[in-house]
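Down below is the structure, laid out as structure tokens.
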Amino acid sequence: MHMRYQIYLRPEPEGGFTVIVPALPGCITWGKNLAEAKKMAIDAIKGYLHSLKKHGDTIPQDNETLLTAVEI
């Protein structure tokens, strides 16, 4: 089964990128560059989903997430 999750990649002042998965509360990881951050995101998402399955919890879908920006 293939699933798709939106991720936010936030550059950190000390270097690297924090990765946040909005559809999976608390699913956050970090990588020293974009490639590593994406790899770590996949690993974190897989672990999160495995834990949900193990505990019989519902797997959240991310097919209706909208990403936009506003100017202030």
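So you can find residues: chains in the structure tokens are A, B, ... in the order shown, residues in each start at 1, and ligands are numbered from 1 in order.
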Skip stretch 53-64 of chain A itself and residues of its chain fewer than 4 positions away, then list as a PyMOL selection string all residues within 8 Å of it, counting only C-alpha atoms. chain A and resi 3-6+23-24+49
Mind listing the helix (DSSP H, G or I) residues of chain A, per DSSP on the backbone, as a ChimeraX atom specification? /A:34-54
DSSP on the backbone, then: every residue of chain A marked strand (DSSP E or B), written as a ChimeraX atom specification. /A:8-11,17-20,28-31
Of the residues A:Leu52, A:Val21, A:Val70, A:Leu9, which is the one nearest to A:Glu36, using only C-alpha atoms?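 Closest candidate: A:Leu9.
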Long-range neighbours of A:Pro11 as an MDAnalysis selection string, 10 Å cut-off, only C-alpha atoms, 3 positions minimum in chain: chainID A and resid 8 14:19 30:34
Emit the selected residues as an mmCIF file, in the first residue's frame, including N, CA and C atoms.
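Dumped everything to part.cif:
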data_model
loop_
_atom_site.group_PDB
_atom_site.id
_atom_site.type_symbol
_atom_site.label_atom_id
_atom_site.label_comp_id
_atom_site.auth_asym_id
_atom_site.auth_seq_id
_atom_site.Cartn_x
_atom_site.Cartn_y
_atom_site.Cartn_z
ATOM 1 N N TYR A 8 6.687 19.320 6.193
ATOM 2 C CA TYR A 8 7.252 20.662 6.223
ATOM 3 C C TYR A 8 8.732 20.520 6.533
ATOM 4 N N GLU A 14 21.202 26.626 13.129
ATOM 5 C CA GLU A 14 22.465 25.923 13.368
ATOM 6 C C GLU A 14 22.795 24.936 12.254
ATOM 7 N N GLY A 15 21.908 24.838 11.261
ATOM 8 C CA GLY A 15 22.101 23.932 10.134
ATOM 9 C C GLY A 15 21.109 22.788 10.165
ATOM 10 N N GLY A 16 20.918 22.206 9.036
ATOM 11 C CA GLY A 16 19.996 21.090 8.923
ATOM 12 C C GLY A 16 18.555 21.545 8.808
ATOM 13 N N PHE A 17 17.661 20.563 8.784
ATOM 14 C CA PHE A 17 16.245 20.821 8.598
ATOM 15 C C PHE A 17 15.422 20.008 9.583
ATOM 16 N N THR A 18 14.502 20.687 10.251
ATOM 17 C CA THR A 18 13.501 19.990 11.050
ATOM 18 C C THR A 18 12.380 19.596 10.108
ATOM 19 N N VAL A 19 11.873 18.377 10.255
ATOM 20 C CA VAL A 19 10.791 17.870 9.427
ATOM 21 C C VAL A 19 9.568 17.649 10.314
ATOM 22 N N TRP A 30 14.636 15.215 12.057
ATOM 23 C CA TRP A 30 15.634 16.193 11.634
ATOM 24 C C TRP A 30 16.634 15.514 10.717
ATOM 25 N N GLY A 31 17.187 16.290 9.793
ATOM 26 C CA GLY A 31 18.258 15.809 8.929
ATOM 27 C C GLY A 31 19.251 16.912 8.663
ATOM 28 N N LYS A 32 20.512 16.532 8.426
ATOM 29 C CA LYS A 32 21.562 17.543 8.247
ATOM 30 C C LYS A 32 21.496 18.232 6.896
ATOM 31 N N ASN A 33 20.794 17.636 5.921
ATOM 32 C CA ASN A 33 20.575 18.258 4.619
ATOM 33 C C ASN A 33 19.210 17.797 4.103
ATOM 34 N N LEU A 34 18.791 18.330 2.947
ATOM 35 C CA LEU A 34 17.457 17.993 2.438
ATOM 36 C C LEU A 34 17.290 16.505 2.176
#
To one decimal in Å, tell me the separation between atom CA of A:Ile72 and atom CA of A:Thr29.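 Atom-to-atom, atom CA of A:Ile72 to atom CA of A:Thr29, that is 28.6 Å.
Between atom CA of A:Pro22 and atom CA of A:Ile7 there is a distance of 6.8 Å.
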